[in-house]
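*Asks:* Enclosed is the structure file start28.cif (mmCIF, C-alpha atoms).
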data_run
loop_
_atom_site.label_atom_id
_atom_site.label_comp_id
_atom_site.auth_asym_id
_atom_site.auth_seq_id
_atom_site.Cartn_x
_atom_site.Cartn_y
_atom_site.Cartn_z
CA MET A 9 89.23 191.89 -18.05
CA HIS A 10 88.50 192.90 -21.68
CA ALA A 11 88.69 189.26 -22.73
CA ILE A 12 85.59 188.54 -20.60
CA MET A 13 82.15 189.46 -21.93
CA ASN A 14 80.83 192.50 -20.06
CA THR A 15 77.87 190.83 -18.32
CA TYR A 16 78.79 191.56 -14.69
CA GLY A 17 79.27 194.80 -12.78
CA ARG A 18 82.15 193.42 -10.78
CA LEU A 19 83.60 194.95 -7.64
CA PRO A 20 87.35 195.72 -7.75
CA VAL A 21 88.52 192.72 -5.76
CA THR A 22 89.88 189.27 -6.69
CA PHE A 23 90.09 186.46 -4.14
CA THR A 24 92.89 183.93 -4.03
CA HIS A 25 91.86 181.56 -1.25
CA GLY A 26 89.45 181.05 1.62
CA LYS A 27 88.95 179.15 4.85
CA GLY A 28 85.55 178.70 6.46
CA CYS A 29 83.71 182.02 6.37
CA TRP A 30 86.86 184.00 5.49
CA LEU A 31 88.23 184.99 2.08
CA TYR A 32 91.59 186.54 1.19
CA ASP A 33 92.32 188.75 -1.83
CA THR A 34 95.33 189.35 -4.07
CA GLU A 35 96.47 192.14 -1.75
CA GLY A 36 96.39 189.87 1.31
CA ARG A 37 93.26 191.51 2.77
CA LYS A 38 90.82 189.41 4.80
CA TYR A 39 87.02 189.41 4.27
CA LEU A 40 84.17 187.97 6.32
CA ASP A 41 81.95 186.24 3.77
CA ALA A 42 78.27 186.74 4.62
CA LEU A 43 77.24 185.99 1.01
CA THR A 44 79.05 182.66 0.33
CA GLY A 45 79.00 183.05 -3.44
CA ILE A 46 75.24 183.80 -3.31
CA ALA A 47 74.25 180.89 -1.03
CA VAL A 48 76.57 178.41 -2.76
CA CYS A 49 79.36 177.67 -0.26
CA GLY A 50 77.12 176.56 2.58
CA LEU A 51 79.96 174.65 4.25
CA GLY A 52 82.27 177.64 3.92
CA HIS A 53 85.41 177.79 1.79
CA ALA A 54 87.90 174.92 1.44
CA HIS A 55 85.85 172.54 3.59
CA PRO A 56 88.09 169.50 4.17
CA ALA A 57 85.38 166.91 3.38
CA VAL A 58 84.55 168.52 0.03
CA THR A 59 88.21 169.08 -0.83
CA ALA A 60 89.05 165.44 -0.11
CA ALA A 61 86.07 164.16 -2.14
CA ILE A 62 87.00 166.31 -5.16
CA GLN A 63 90.68 165.30 -4.98
CA GLU A 64 89.92 161.61 -4.68
CA GLN A 65 87.35 161.61 -7.49
CA ALA A 66 89.51 163.73 -9.81
CA GLY A 67 92.21 161.08 -9.53
CA GLN A 68 89.79 158.32 -10.52
CA LEU A 69 87.16 159.55 -12.98
CA VAL A 70 85.81 163.01 -13.82
CA HIS A 71 83.30 162.31 -16.58
CA THR A 72 81.80 159.48 -18.63
CA SER A 73 78.39 160.94 -19.71
CA ASN A 74 74.91 159.69 -18.91
CA LEU A 75 75.15 156.96 -21.56
CA TYR A 76 76.48 154.77 -18.73
CA GLY A 77 75.81 154.13 -15.08
CA ILE A 78 77.44 156.55 -12.62
CA GLY A 79 77.99 155.18 -9.13
CA ARG A 80 78.38 158.57 -7.43
CA GLN A 81 75.20 159.80 -9.12
CA GLN A 82 73.22 156.79 -7.86
CA GLU A 83 74.56 157.40 -4.35
CA LEU A 84 73.57 161.08 -4.47
CA ALA A 85 70.13 160.27 -5.87
CA GLU A 86 69.49 157.83 -3.03
CA ASN A 87 70.64 160.39 -0.47
CA LEU A 88 68.43 163.17 -1.86
CA THR A 89 65.30 161.07 -2.35
CA ARG A 90 65.64 159.67 1.17
CA ILE A 91 65.97 163.15 2.67
CA SER A 92 63.27 164.77 0.53
CA GLY A 93 60.56 162.11 0.39
CA MET A 94 60.64 162.35 -3.42
CA ASP A 95 60.79 159.35 -5.78
CA ASN A 96 63.56 160.21 -8.24
CA VAL A 97 65.88 162.95 -9.48
CA PHE A 98 67.27 164.43 -12.70
CA PHE A 99 70.71 166.03 -12.37
CA SER A 100 71.75 169.18 -14.23
CA ASN A 101 74.61 171.69 -14.04
CA SER A 102 72.75 174.70 -12.62
CA GLY A 103 69.60 175.94 -10.95
CA ALA A 104 68.21 177.36 -14.18
CA GLU A 105 68.57 173.94 -15.83
CA ALA A 106 66.89 172.25 -12.86
CA ASN A 107 63.98 174.68 -13.25
CA GLU A 108 63.91 174.02 -17.02
CA ALA A 109 63.47 170.34 -16.20
CA ALA A 110 60.60 171.17 -13.82
CA ILE A 111 58.91 173.31 -16.49
CA LYS A 112 59.31 170.54 -19.07
CA ILE A 113 57.82 168.01 -16.64
CA ALA A 114 54.80 170.28 -16.12
CA ARG A 115 54.29 170.84 -19.85
CA LYS A 116 54.63 167.16 -20.73
CA TYR A 117 52.28 166.29 -17.87
CA GLY A 118 49.74 168.65 -19.45
CA HIS A 119 50.17 167.10 -22.90
CA GLN A 120 49.66 163.64 -21.41
CA LYS A 121 46.34 164.92 -20.05
CA GLY A 122 45.34 166.13 -23.51
CA ILE A 123 46.14 169.82 -22.95
CA SER A 124 47.86 171.02 -26.14
CA GLU A 125 48.89 174.44 -24.75
CA PRO A 126 49.69 173.91 -21.05
CA VAL A 127 50.03 176.94 -18.77
CA ILE A 128 52.05 177.29 -15.54
CA VAL A 129 51.10 179.78 -12.80
CA VAL A 130 54.12 181.85 -11.68
CA MET A 131 54.61 184.66 -9.16
CA THR A 132 55.36 188.37 -9.16
CA LYS A 133 59.00 189.16 -8.25
CA ALA A 134 59.99 185.51 -8.75
CA PHE A 135 63.45 184.59 -10.02
CA HIS A 136 63.93 181.20 -11.66
CA GLY A 137 66.94 181.69 -13.95
CA ARG A 138 68.15 183.28 -17.20
CA THR A 139 67.41 180.63 -19.84
CA MET A 140 64.44 181.51 -22.05
CA ALA A 141 61.86 179.44 -20.17
CA THR A 142 63.11 180.36 -16.69
CA LEU A 143 63.47 184.01 -17.72
CA THR A 144 59.83 184.00 -18.81
CA ALA A 145 58.84 182.45 -15.46
CA THR A 146 60.88 185.13 -13.68
CA GLY A 147 58.94 188.18 -12.48
CA ASN A 148 61.57 190.81 -13.25
CA THR A 149 60.97 193.02 -16.29
CA LYS A 150 64.50 194.45 -16.11
CA ALA A 151 66.03 190.97 -16.48
CA GLN A 152 63.65 190.23 -19.38
CA GLU A 153 64.22 193.49 -21.24
CA GLY A 154 65.64 193.06 -24.72
CA PHE A 155 65.12 189.28 -24.89
CA GLY A 156 61.61 189.12 -26.33
CA PRO A 157 59.61 187.48 -27.60
CA LEU A 158 59.34 185.50 -24.37
CA LEU A 159 57.64 182.11 -24.29
CA ASN A 160 53.94 181.48 -24.05
CA GLY A 161 52.51 179.23 -21.39
CA PHE A 162 52.87 181.26 -18.19
CA VAL A 163 50.38 183.36 -16.22
CA ARG A 164 51.55 185.57 -13.34
CA VAL A 165 49.76 186.19 -10.03
CA PRO A 166 50.73 188.11 -6.87
CA TYR A 167 53.03 186.18 -4.53
CA MET A 168 51.37 184.96 -1.30
CA ASP A 169 47.83 185.35 -2.69
CA ALA A 170 46.22 181.91 -2.83
CA ASP A 171 42.88 183.39 -3.91
CA ALA A 172 44.55 184.77 -7.04
CA ILE A 173 45.73 181.25 -7.93
CA THR A 174 42.22 179.89 -7.39
CA ALA A 175 40.78 182.59 -9.65
CA VAL A 176 43.12 181.95 -12.59
CA VAL A 177 42.76 178.18 -12.28
CA ARG A 178 38.99 178.57 -12.41
CA ALA A 179 39.26 180.80 -15.48
CA ASN A 180 41.85 178.80 -17.42
CA PRO A 181 41.38 175.05 -18.05
CA ASN A 182 44.91 174.83 -19.55
CA ILE A 183 46.69 175.39 -16.24
CA VAL A 184 48.81 172.37 -15.31
CA ALA A 185 51.10 173.55 -12.48
CA VAL A 186 51.99 176.24 -9.95
CA LEU A 187 55.65 177.29 -9.61
CA LEU A 188 56.95 179.31 -6.64
CA GLU A 189 59.86 179.89 -4.25
CA PRO A 190 59.28 179.43 -0.48
CA VAL A 191 61.51 182.50 0.00
CA GLN A 192 62.12 184.84 -2.93
CA GLY A 193 65.90 185.19 -2.96
CA GLU A 194 66.03 187.92 -5.60
CA GLY A 195 62.58 189.29 -4.78
CA GLY A 196 63.48 191.11 -1.58
CA LEU A 197 63.43 187.97 0.60
CA ALA A 198 59.63 187.88 0.62
CA THR A 199 58.84 184.81 2.74
CA ALA A 200 55.83 182.53 2.31
CA GLY A 201 53.93 181.44 5.41
CA GLU A 202 52.72 177.93 6.22
CA ASP A 203 49.05 178.76 5.54
CA TYR A 204 49.85 179.98 2.03
CA ILE A 205 52.04 176.99 1.14
CA LYS A 206 49.37 174.58 2.41
CA ALA A 207 46.69 176.46 0.48
CA VAL A 208 48.71 176.13 -2.74
CA ARG A 209 49.13 172.40 -2.08
CA ASP A 210 45.35 172.08 -1.61
CA ILE A 211 44.60 174.01 -4.82
CA CYS A 212 46.96 171.74 -6.75
CA ASP A 213 45.41 168.59 -5.24
CA GLN A 214 41.85 169.73 -5.94
CA ASN A 215 42.59 170.63 -9.57
CA ASP A 216 45.06 167.85 -10.51
CA LEU A 217 47.90 170.36 -10.89
CA LEU A 218 51.60 169.86 -10.17
CA MET A 219 53.06 171.87 -7.30
CA LEU A 220 56.57 172.93 -8.33
CA LEU A 221 58.83 174.40 -5.65
CA ASP A 222 61.99 176.27 -6.61
CA GLU A 223 64.40 175.59 -3.74
CA ILE A 224 67.52 176.48 -5.71
CA GLN A 225 68.54 178.84 -2.90
CA THR A 226 66.42 177.66 0.05
CA GLY A 227 67.49 174.01 -0.17
CA ASN A 228 70.49 172.18 1.28
CA GLY A 229 69.98 173.31 4.88
CA ARG A 230 69.91 177.06 4.18
CA THR A 231 66.54 177.80 5.84
CA GLY A 232 66.80 175.52 8.88
CA THR A 233 65.62 172.19 7.41
CA TYR A 234 67.19 170.34 4.48
CA PHE A 235 64.41 171.62 2.23
CA CYS A 236 62.30 174.58 3.24
CA TYR A 237 59.00 172.79 2.49
CA GLN A 238 59.77 170.35 5.31
CA GLN A 239 58.80 173.13 7.73
CA PHE A 240 55.24 173.21 6.35
CA GLY A 241 54.13 169.59 6.58
CA ILE A 242 53.60 169.27 2.80
CA THR A 243 55.48 167.62 -0.06
CA PRO A 244 55.59 169.17 -3.55
CA ASP A 245 55.28 167.13 -6.74
CA VAL A 246 58.54 168.60 -8.04
CA VAL A 247 61.32 170.41 -6.15
CA THR A 248 64.46 171.91 -7.64
CA THR A 249 67.73 172.79 -5.95
CA ALA A 250 71.29 173.72 -6.88
CA LYS A 251 73.40 176.50 -5.29
CA GLY A 252 74.45 174.90 -1.98
CA LEU A 253 74.41 171.33 -3.27
CA GLY A 254 78.00 171.20 -4.54
CA ASN A 255 79.59 173.87 -2.29
CA GLY A 256 80.87 175.59 -5.45
CA VAL A 257 81.06 172.67 -7.85
CA PRO A 258 78.26 173.25 -10.40
CA ILE A 259 75.34 170.84 -9.96
CA GLY A 260 71.56 171.13 -10.00
CA ALA A 261 68.81 168.67 -9.17
CA CYS A 262 65.15 168.34 -10.13
CA LEU A 263 63.35 165.89 -7.84
CA ALA A 264 59.90 164.49 -8.59
CA ARG A 265 57.39 162.16 -7.01
CA GLY A 266 54.12 160.42 -7.76
CA LYS A 267 52.48 161.41 -11.05
CA ALA A 268 55.41 163.73 -11.87
CA ALA A 269 58.13 161.11 -11.39
CA ASP A 270 57.61 159.15 -14.62
CA VAL A 271 56.78 161.99 -17.01
CA LEU A 272 60.30 162.22 -18.45
CA GLN A 273 61.44 159.10 -20.27
CA PRO A 274 64.52 158.23 -22.39
CA GLY A 275 64.79 160.72 -25.23
CA SER A 276 62.58 163.39 -23.64
CA HIS A 277 65.27 165.15 -21.62
CA GLY A 278 68.98 164.89 -20.88
CA SER A 279 72.29 166.54 -20.06
CA THR A 280 75.84 165.72 -21.11
CA TYR A 281 77.54 166.87 -17.91
CA GLY A 282 74.59 166.61 -15.52
CA GLY A 283 75.43 164.60 -12.42
CA ASN A 284 78.91 163.60 -13.55
CA PRO A 285 81.20 161.73 -11.11
CA LEU A 286 83.13 164.82 -9.96
CA ALA A 287 80.06 166.96 -9.24
CA CYS A 288 78.28 164.10 -7.47
CA ALA A 289 81.32 163.27 -5.35
CA ALA A 290 81.37 166.87 -4.12
CA ALA A 291 77.61 166.90 -3.55
CA ASN A 292 77.66 163.63 -1.61
CA ALA A 293 80.28 165.12 0.71
CA VAL A 294 78.06 168.20 1.16
CA VAL A 295 74.90 166.20 1.91
CA THR A 296 76.73 163.91 4.35
CA THR A 297 78.32 166.86 6.16
CA ILE A 298 75.03 168.77 6.43
CA GLU A 299 73.41 165.70 8.00
CA ASN A 300 76.27 164.55 10.24
CA ASP A 301 77.17 168.03 11.51
CA LYS A 302 73.51 169.05 11.91
CA LEU A 303 74.12 172.16 9.83
CA ALA A 304 70.44 172.74 9.00
CA GLU A 305 69.77 172.90 12.73
CA ASN A 306 72.70 175.29 13.13
CA ALA A 307 71.26 177.45 10.34
CA ALA A 308 67.95 177.65 12.23
CA HIS A 309 69.72 178.52 15.50
CA MET A 310 72.08 181.08 13.98
CA GLY A 311 69.28 182.62 11.95
CA ASN A 312 67.34 183.24 15.15
CA TYR A 313 70.51 184.54 16.81
CA LEU A 314 71.16 187.05 14.02
CA ALA A 315 67.52 188.13 13.74
CA SER A 316 67.31 188.74 17.50
CA ALA A 317 70.54 190.74 17.49
CA PHE A 318 69.44 192.90 14.56
CA ASN A 319 65.94 193.47 15.96
CA VAL A 320 67.43 194.70 19.25
CA ARG A 321 70.08 196.88 17.63
CA LEU A 322 67.75 198.33 14.97
CA GLN A 323 64.49 198.76 16.88
CA ASP A 324 64.94 202.52 17.29
CA ASN A 325 66.58 203.13 13.90
CA PRO A 326 64.30 205.24 11.67
CA LEU A 327 65.56 203.43 8.56
CA PHE A 328 64.65 199.94 9.80
CA SER A 329 61.52 198.23 8.52
CA GLU A 330 61.70 194.48 9.22
CA ILE A 331 63.72 191.25 9.12
CA ARG A 332 62.66 188.70 6.47
CA GLY A 333 63.66 185.16 5.58
CA ARG A 334 64.25 181.82 7.25
CA GLY A 335 67.36 180.36 8.86
CA LEU A 336 70.53 181.77 7.32
CA MET A 337 68.67 183.28 4.37
CA MET A 338 68.06 186.74 5.79
CA GLY A 339 66.95 190.11 4.51
CA ILE A 340 67.17 193.35 6.51
CA VAL A 341 64.56 195.63 4.96
CA LEU A 342 65.31 199.35 5.10
CA LYS A 343 63.04 202.30 4.27
CA LYS A 344 65.43 203.72 1.66
CA ASP A 345 67.57 202.53 -1.21
CA CYS A 346 70.91 201.16 -0.02
CA THR A 347 72.44 199.60 -3.12
CA GLU A 348 75.79 201.23 -2.34
CA LEU A 349 76.21 199.07 0.76
CA MET A 350 77.55 196.11 -1.21
CA ALA A 351 80.59 198.10 -2.39
CA LYS A 352 80.96 199.84 0.97
CA GLY A 353 80.80 196.52 2.82
CA THR A 354 83.41 194.98 0.54
CA ALA A 355 85.72 197.96 1.15
CA LYS A 356 85.34 197.32 4.90
CA GLY A 357 86.00 193.57 4.57
CA LEU A 358 82.38 192.36 4.79
CA LEU A 359 80.76 190.60 1.84
CA LEU A 360 76.98 190.98 1.48
CA ASN A 361 74.64 192.20 -1.21
CA VAL A 362 71.48 194.27 -1.67
CA THR A 363 68.39 192.97 -3.45
CA SER A 364 65.26 194.87 -4.52
CA GLY A 365 67.11 198.11 -3.88
CA ASN A 366 66.50 198.32 -0.13
CA VAL A 367 67.02 194.81 1.30
CA ILE A 368 70.41 193.84 2.74
CA ARG A 369 70.76 190.13 1.93
CA LEU A 370 72.81 187.91 4.25
CA LEU A 371 73.68 184.33 3.25
CA PRO A 372 76.53 183.29 5.58
CA PRO A 373 77.79 179.69 5.73
CA LEU A 374 75.73 177.11 7.62
CA THR A 375 78.80 176.53 9.79
CA LEU A 376 78.49 180.06 11.24
CA THR A 377 79.43 180.49 14.91
CA GLU A 378 78.07 183.07 17.35
CA GLU A 379 81.43 184.86 17.32
CA GLU A 380 81.32 185.17 13.52
CA ALA A 381 77.66 186.22 13.67
CA ASP A 382 78.57 189.01 16.10
CA LEU A 383 81.14 190.28 13.60
CA ILE A 384 78.48 190.33 10.86
CA VAL A 385 76.11 192.27 13.13
CA GLU A 386 78.79 194.84 13.96
CA GLY A 387 79.75 195.26 10.33
CA VAL A 388 76.18 195.66 9.09
CA MET A 389 75.35 198.09 11.91
CA GLU A 390 78.32 200.24 10.93
CA LEU A 391 77.09 200.35 7.32
CA ILE A 392 73.52 201.24 8.32
CA HIS A 393 74.80 203.89 10.73
CA GLU A 394 76.63 205.55 7.84
CA LEU A 395 73.37 205.58 5.84
CA ASN A 396 71.75 207.55 8.68
CA GLU A 397 74.39 210.24 8.59
#
In C-alpha cells, what does this structure look like?
*Replies:*
Amino acid sequence: MHAIMNTYGRLPVTFTHGKGCWLYDTEGRKYLDALTGIAVCGLGHAHPAVTAAIQEQAGQLVHTSNLYGIGRQQELAENLTRISGMDNVFFSNSGAEANEAAIKIARKYGHQKGISEPVIVVMTKAFHGRTMATLTATGNTKAQEGFGPLLNGFVRVPYMDADAITAVVRANPNIVAVLLEPVQGEGGLATAGEDYIKAVRDICDQNDLLMLLDEIQTGNGRTGTYFCYQQFGITPDVVTTAKGLGNGVPIGACLARGKAADVLQPGSHGSTYGGNPLACAAANAVVTTIENDKLAENAAHMGNYLASAFNVRLQDNPLFSEIRGRGLMMGIVLKKDCTELMAKGTAKGLLLNVTSGNVIRLLPPLTLTEEEADLIVEGVMELIHELNE
C-alpha cells in the first residue's frame, strides 16, 4: 500500500468480485453492499448488460478522442436529452469535471451579458467535487483546508432558504447562477422540498439567472425518477450527473438547455477522454436497463419500503431522529456521532457509510429486492442497538 499516495483512510478489506448487491473479499467473505461504491453501481455488481457492452466495445474501439465523431457518444447524448428534456450534453470523466463544465457555462454566460466578474450562488454543506472550482463551491471547510487561496466568484447562502437567495441577488448585480443539489449527499442527506426548488426556479427566471442542479449522486434513477428534478415539475438550465451513469466505468455528463445550451463553443471547453466509446457503451447499457427494467420506479418503491421498516423499528429508540432522502438515497439521522459504524458494519458483512458524523447513509443498488432490503434493515438495527449499549 506504500506505493499509493496516502489520500484515503481505507478499511482493511479488498474485494475480488461481486454479483448483484453482494461483494466477496480476498478471504472469501461475503458482504451485502448497501453503498454500491458511493451510489455508482446502481445496477449492482457484474450486471450482465453492462458486462456485455464493455466486452463488445473493448473488442472494437476503446478511444479515438473528441477530434472525431463517436457513435456511442451520439447515442448516449440522444438518450439523455430525451429523458431529461435538455437540449445537449458535454461528456466528462467524473462528477467534479461535469460540475466544472456547469461553472464554466455560468461564468461565460455572465461574460456574454457584460458581467466581467460573474458570481454563482452556492449552498452551505454542499459538495460539488475536489477540483479548485468545485472545491470552492463546496460548503465544507475541512475539505478546503490547506488549499487556499480558493477562487473568487462564489457567494454562499443557507440551503433550503429561498429568501436568502433573493436577498443576495438583490444586493449583487454580478450574480449569474444558482448551484445546488436536490439532496445533499455529503451534507447529511438534507433534502430539498418541492416548494423550495420551485422558488429557486422562479428566482432564476425573474432575474435572468441560470439554475444549475448537481445531480451527480441523485441522477440515474437513484431518487425514484431518472433525475430528481423530474419530481418537482421544473427543468433546470444545466444539470450534471456522473456516479451511477456508467455503473463503475468513469463518465460524467453536463446537460444544458435554452440559453445555456450554446454558451460553450469549439475551443472554449473540452476533454480528451470525455465520452469515449468504452465509457459511452457502458452508460448506454445502464440507461437502457434503468428504463426497460423500471429501476427508478423500483428505487421509489424500495425507498418507501426501507423508510417504513426503519420508522417502525426505530420509533421508540432514543437515538433516532429522522429518515432523510429520496428513493434509494437514504440517511438515518441519529442523535449522536456514529462514525465507527462504517468499520463495524464492514466487519459484520454490511457495507454502508456515515456522513456528517451522525447520519447513516444507505445507497443500495436500484435492483434491490424486499428480501435484500430486510437484510439491510436487520444489519443496521444490530449496529444501532450496539450504539445504545
*Asks:* Could you check which of A:Leu43, A:Ala151, A:Met219, A:Ile91 is closest to Gln238 of chain A, using all atoms listed in the file?
*Replies:* A:Ile91
*Asks:* Applying 10 Å and all atoms listed in the file, which residues near Lys38 of chain A remain after dropping the ones on its own chain fewer than 2 positions away? List them as a list in words.
*Replies:* Phe23, His25, Gly26, Trp30, Leu31, Tyr32, Asp33, Thr34, Glu35, Gly36, Leu40, Asp41, Lys356, Gly357 and Leu358 of chain A
*Asks:* What do you get, as number ranges by chain, if you spell out every residue that the PyMOL selection byres ((chain A and resi 298) around 9) selects here?
*Replies:* A: 50-51, 228-229, 234, 293-297, 299-304, 374
*Asks:* Could you list, as a ChimeraX atom specification, every residue within 9 Å of Asp270 of chain A, counting all atoms listed in the file and ignoring same-chain residues fewer than 5 positions away?
*Replies:* /A:96,264-265
*Asks:* I'd like the interatomic distance between atom CA of Val184 of chain A and atom CA of Gly241 of chain A, to a tenth of an Å.
*Replies:*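 Answer for the atom CA of Val184 of chain A to atom CA of Gly241 of chain A separation: 22.7 Å.
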*Asks:* The PyMOL selection byres ((chain A and resi 342) around 8) on the file shown: which residues, as an NGL selection string?
*Replies:* :A and (327-330 or 340-341 or 343-346 or 366-368)
*Asks:* So what does the PyMOL selection byres ((chain A and resi 176-183) around 12) actually pick up in this one, as JSON, numbers by chain?
*Replies:* {"A": [114, 115, 117, 118, 119, 121, 122, 123, 124, 125, 126, 127, 128, 129, 130, 161, 162, 163, 164, 165, 166, 169, 170, 171, 172, 173, 174, 175, 184, 185, 186, 187, 208, 211, 212, 214, 215, 216, 217, 218, 219]}
*Asks:* Between A:Thr248, A:Thr233, A:Asn160, A:Thr199, which has the minimum distance to Val97 of chain A (counting all atoms listed in the file)?
*Replies:*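 Nearest candidate to Val97 of chain A out of A:Thr248, A:Thr233, A:Asn160, A:Thr199: A:Thr248.
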*Asks:* Which residue gives the smallest distance to Glu108 of chain A among A:Ala355, A:Ala268, A:Ala317, A:Leu143, with only C-alpha atoms counted?
*Replies:*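 Once distances to Glu108 of chain A are computed over only C-alpha atoms, the minimum belongs to A:Leu143.
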*Asks:* For segment 198-262 of chain A versus segment 61-85 of chain A, which residues have an atom no more than 12 Å away, and what is each residue's nearest atom pair and distance in Å rounded to one decimal, using only C-alpha atoms, chain-then-number order, as a Markdown table?
*Replies:*
| residue | atom | partner | partner_atom | distance |
| --- | --- | --- | --- | --- |
| A:Leu253 | CA | A:Leu84 | CA | 10.4 |
| A:Gly254 | CA | A:Ile62 | CA | 10.3 |
| A:Asn255 | CA | A:Ile62 | CA | 11.0 |
| A:Gly256 | CA | A:Ile62 | CA | 11.1 |
| A:Val257 | CA | A:Ile62 | CA | 9.1 |
| A:Ile259 | CA | A:Gln81 | CA | 11.1 |
| A:Gly260 | CA | A:Leu84 | CA | 11.6 |
| A:Ala261 | CA | A:Ala85 | CA | 9.1 |
| A:Cys262 | CA | A:Ala85 | CA | 10.4 |
*Asks:* Distance table requested - segment 108-149 of chain A against segment 189-193 of chain A, cut-off 9 Å, all atoms listed in the file: one row per qualifying residue with the closest atom pair and its distance in Å to one decimal, ordered by chain and rising residue number, as JSON lines.
*Replies:*
{"residue": "A:Met131", "atom": "CA", "partner": "A:Glu189", "partner_atom": "CA", "distance": 8.6}
{"residue": "A:Lys133", "atom": "CA", "partner": "A:Gln192", "partner_atom": "CA", "distance": 7.5}
{"residue": "A:Ala134", "atom": "CA", "partner": "A:Gln192", "partner_atom": "CA", "distance": 6.2}
{"residue": "A:Phe135", "atom": "CA", "partner": "A:Gln192", "partner_atom": "CA", "distance": 7.2}
{"residue": "A:His136", "atom": "CA", "partner": "A:Glu189", "partner_atom": "CA", "distance": 8.6}
*Asks:* Could you write out that same residue set with C-alpha atoms as a PDB file, keeping the file's coordinate frame?
*Replies:*
ATOM      1  CA  MET A 131      54.610 184.660  -9.160  1.00  0.00           C
ATOM      2  CA  LYS A 133      59.000 189.160  -8.250  1.00  0.00           C
ATOM      3  CA  ALA A 134      59.990 185.510  -8.750  1.00  0.00           C
ATOM      4  CA  PHE A 135      63.450 184.590 -10.020  1.00  0.00           C
ATOM      5  CA  HIS A 136      63.930 181.200 -11.660  1.00  0.00           C
TER       6      HIS A 136
END
*Asks:* Find, counting only C-alpha atoms, the residue in A:Ala110, A:Ala290, A:Val362, A:Leu395 that gets nearest to Ala60 of chain A.
*Replies:*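 The answer is A:Ala290, which sits nearest to Ala60 of chain A.
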*Asks:* Fewer than 6 positions away in the same chain doesn't count, so skip those; otherwise give me all residues within 10 Å of Ser316 of chain A, counting only C-alpha atoms, as a VMD selection string.
*Replies:* chain A and resid 310 322 331
*Asks:* Restricting the calculation to only C-alpha atoms: of A:Arg334, A:Lys150, A:Arg18, A:Arg90, which residue gets closest to Tyr313 of chain A?
*Replies:*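 Of the candidates, the smallest distance to Tyr313 of chain A is held by A:Arg334.
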*Asks:* Under the rule that only C-alpha atoms are counted, which of A:Thr377, A:Thr226, A:Thr15, A:Thr354 is the nearest residue to Thr249 of chain A?
*Replies:*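 The answer is A:Thr226, which sits nearest to Thr249 of chain A.
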*Asks:* Using only C-alpha atoms, collect all residues at a distance of at most 9 Å from (71.0, 180.1, -21.3) as written in the file, then present them as a PyMOL selection string.
*Replies:* chain A and resi 104-105+137-140
